[in-house]
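S.K.: Starting off with a structure, shown below.
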Amino acid sequence: MDDAIGVDIGGGSIRASLFDANGLELKSNHSKTPEHLDNLSFLTVLIDTIAPLVTTCKGIGIGSPGPLNNESGVLLTSANIKGIKNVPIKSTLEKEFSLPVFYENDANCAALGEAIFGKYKSYESQLILTLGTGIGGGFVTNGKLYSGFLGNGIEIGHTTAVIGGALCGCGVKGCVESYFSTKGFINRYYEKTNTLLTNAEEFFNLVRSGDKIAKEVLEFGTITLAHAVRNAVHLLNPEAVVFVGGITKSYDLFGGILEKEIRTTIFTVLNDRLQIGLGGNISGTLGAASLVFAKEKS
Ligand SMILES: [Zn+2]
């Protein structure tokens with residue numbers, strides 16, 4: 001069988017689906033996860049969610065937020081499920097189901113799913129940026145994910161946009177994520193107005209209604225993102241740069257400036273070849289299942 005199971009361990013729930021080799025969902029299952037769980041009960045919920053889907057498939061791909069160790073297949077801690085620590089996900093599931101298990105952070109899974117099944121799948125290499133609460137990144141070349149050391153590669157959100165700039169959640173000043181992300185927009189807008197917004201939609205509504213400060217915050221953030229992409233394009237030479245994630249819903253407000261700034265600052269030889277655009281809606285579970293489909297190619 002060419003099918004694969006993808007599992008998305010997200011905030012408050014575990015989703016699992018069985019996919020055929022074309023990415024078509026054949027079956028799915030999900031479970032809610034309470035805020036507090038110990039390792040053993042968490043693993044029991046995980047196994048019970050996957051079990052109804054297990055067939056003679058190729059393997060199981062798992063994605064979750066980090067921090068994790070993708071080589072040993074251990075979830076180190078979770079912001080969403082308090083009480084679990086150093087969970088041996090890969091070894092437990094391999095033993096339980098006698099199938100190969102692959103485990104990566106969810107940004108890497110999203111990138112791989114987009115590269116294998118998304119709009120830009122026919123290109124040789126894709127740099128995918130997830131624009132949301134923060135900025136996630138992934139780089140896929142010839143259908144293979146470059147995940148870096150223990151899965152910590154392509155953290156574009158934490159590359160420096162402004163030396164000595166605004167403080168980022170990672171503890172360092174001036175990351176691009178401090179200027180272009182839901183958190184970044186909210187914090188920069190608060191600094192200038194003392195008004196605390198609660199989500200990206202509120203921020204973009206202000207931009208749409210012509211709020212001068214919101215427009216300034218978005219424009220500056222867009223330029224910092226463009227230069228983070230420029231740096232990455234010069235380092236990696238991807239054939240396609242693809243934007244995904246919640247913030248891309250408002251692409252009409254910043255996409256033009258973003259693409260223009262990227263295109264006018266990168267080498268002509270790269271610009272002539274580069275595709276830039278929005279990705280499709282690849283689910284977290286298909287992204288995770290892509291770990292199995294990608295490994296097949298090696
Ligand atoms: Zn940072």
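Ordering of the structure tokens sets the chain letters (A, B, ...), residue numbers begin anew at 1 in every chain, and ligands are numbered from 1 in the order given.
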Restrict the calculation to only C-alpha atoms and all ligand atoms, then for each residue of chain A with any atom at most 10 Å from an atom of ligand 1 give the closest atom pair and their distance in Å to one decimal, rows by chain and rising residue number, as CSV.

M.R.:
```
residue,atom,partner,partner_atom_place_in_ligand_line,distance
A:Gly134,CA,ligand 1,1 (Zn),9.2
A:Ile135,CA,ligand 1,1 (Zn),9.6
A:Glu155,CA,ligand 1,1 (Zn),8.9
A:Ile156,CA,ligand 1,1 (Zn),9.1
A:Gly157,CA,ligand 1,1 (Zn),6.4
A:His158,CA,ligand 1,1 (Zn),3.9
A:Thr159,CA,ligand 1,1 (Zn),6.9
A:Thr160,CA,ligand 1,1 (Zn),7.8
A:Ala161,CA,ligand 1,1 (Zn),10.0
A:Ala166,CA,ligand 1,1 (Zn),9.7
A:Leu167,CA,ligand 1,1 (Zn),7.8
A:Cys168,CA,ligand 1,1 (Zn),4.6
A:Gly169,CA,ligand 1,1 (Zn),5.7
A:Cys170,CA,ligand 1,1 (Zn),4.3
A:Gly171,CA,ligand 1,1 (Zn),6.5
A:Val172,CA,ligand 1,1 (Zn),5.6
A:Lys173,CA,ligand 1,1 (Zn),7.1
A:Gly174,CA,ligand 1,1 (Zn),7.3
A:Cys175,CA,ligand 1,1 (Zn),4.7
A:Val176,CA,ligand 1,1 (Zn),7.4
A:Glu177,CA,ligand 1,1 (Zn),6.4
A:Ser178,CA,ligand 1,1 (Zn),7.1
```

S.K.: Could you write out, as a PyMOL selection string, all the residues of range 101-181 of chain A that DSSP marks as helix (DSSP H, G or I)?

M.R.: chain A and resi 106-117+149-151+156-158+176-178

S.K.: Keeping N, CA and C atoms for every residue in the selection just given, could you write it to a file as a CSV table (one decimal), in the first residue's frame?

M.R.:
```csv
chain,number,residue,atom,x,y,z
A,106,ASP,N,5.9,21.4,13.4
A,106,ASP,CA,4.8,21.6,12.5
A,106,ASP,C,5.1,22.6,11.4
A,107,ALA,N,6.0,23.5,11.6
A,107,ALA,CA,6.3,24.4,10.5
A,107,ALA,C,7.0,23.7,9.4
A,108,ASN,N,7.9,22.8,9.7
A,108,ASN,CA,8.6,22.0,8.7
A,108,ASN,C,7.6,21.0,8.0
A,109,CYS,N,6.7,20.5,8.7
A,109,CYS,CA,5.6,19.6,8.1
A,109,CYS,C,4.8,20.5,7.1
A,110,ALA,N,4.4,21.7,7.5
A,110,ALA,CA,3.6,22.5,6.6
A,110,ALA,C,4.4,22.8,5.3
A,111,ALA,N,5.7,23.1,5.5
A,111,ALA,CA,6.5,23.4,4.3
A,111,ALA,C,6.6,22.2,3.4
A,112,LEU,N,6.8,21.0,4.0
A,112,LEU,CA,7.0,19.8,3.2
A,112,LEU,C,5.6,19.5,2.4
A,113,GLY,N,4.5,19.6,3.2
A,113,GLY,CA,3.2,19.3,2.6
A,113,GLY,C,3.0,20.3,1.4
A,114,GLU,N,3.3,21.5,1.6
A,114,GLU,CA,3.1,22.6,0.5
A,114,GLU,C,4.0,22.2,-0.7
A,115,ALA,N,5.2,21.8,-0.4
A,115,ALA,CA,6.2,21.5,-1.5
A,115,ALA,C,5.8,20.3,-2.3
A,116,ILE,N,5.2,19.3,-1.6
A,116,ILE,CA,4.9,18.0,-2.3
A,116,ILE,C,3.5,18.1,-2.9
A,117,PHE,N,2.5,18.8,-2.3
A,117,PHE,CA,1.1,18.7,-2.7
A,117,PHE,C,0.6,20.1,-3.1
A,149,PHE,N,19.9,21.1,12.3
A,149,PHE,CA,20.3,20.3,13.4
A,149,PHE,C,19.1,20.1,14.3
A,150,LEU,N,18.7,18.8,14.5
A,150,LEU,CA,17.5,18.4,15.3
A,150,LEU,C,16.3,19.2,15.0
A,151,GLY,N,16.2,19.6,13.7
A,151,GLY,CA,14.9,20.2,13.2
A,151,GLY,C,14.9,21.7,13.5
A,156,ILE,N,13.5,31.5,10.0
A,156,ILE,CA,13.6,32.8,9.4
A,156,ILE,C,13.1,33.9,10.3
A,157,GLY,N,12.1,33.6,11.1
A,157,GLY,CA,11.5,34.5,12.0
A,157,GLY,C,12.5,35.1,13.0
A,158,HIS,N,13.5,34.3,13.3
A,158,HIS,CA,14.5,34.8,14.3
A,158,HIS,C,15.8,35.1,13.6
A,176,VAL,N,13.0,39.6,12.8
A,176,VAL,CA,12.0,40.0,11.8
A,176,VAL,C,10.6,39.7,12.4
A,177,GLU,N,10.4,38.7,13.2
A,177,GLU,CA,9.2,38.3,13.8
A,177,GLU,C,8.6,39.4,14.7
A,178,SER,N,9.5,40.3,15.2
A,178,SER,CA,9.1,41.4,16.1
A,178,SER,C,8.4,42.5,15.3
```

S.K.: At a cut-off of 12 Å, using only C-alpha atoms, what residues contact Ile247 in chain A? Leave out same-chain residues fewer than 6 positions from it and give the result as a PyMOL selection string.

M.R.: chain A and resi 129-135+180-185+199-204+218+222+253-255+278

S.K.: Excluding Ala232 in chain A and any residue of its chain fewer than 4 positions from it, enumerate the residues within 10 Å of it, using only C-alpha atoms, and give them as a ChimeraX atom specification.

M.R.: /A:127,139,154,156,159,226-228,236-238,241

S.K.: Pick from A:Thr224, A:Thr44, A:Asn105, A:Thr56: nearest to Gly10 in chain A, with only C-alpha atoms counted?

M.R.: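 Of A:Thr224, A:Thr44, A:Asn105, A:Thr56, the one nearest Gly10 in chain A is A:Asn105, counting only C-alpha atoms.
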
S.K.: Name the residues of range 97-209 of chain A that fall into strand (DSSP E) according to DSSP on the backbone, using the chain letters and numbers of this document, as a ChimeraX atom specification.

M.R.: /A:101-105,125-131,135-141,144-146

S.K.: Would you mind reading off the distance between CA of Ala294 in chain A and CA of Ser147 in chain A, one decimal, in Å?

M.R.: 12.7 Å

S.K.: To one decimal place in Å, what is the distance between CA of Ile266 in chain A and CA of Gly246 in chain A?

M.R.: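 Here the two named atoms are 26.4 Å from each other.
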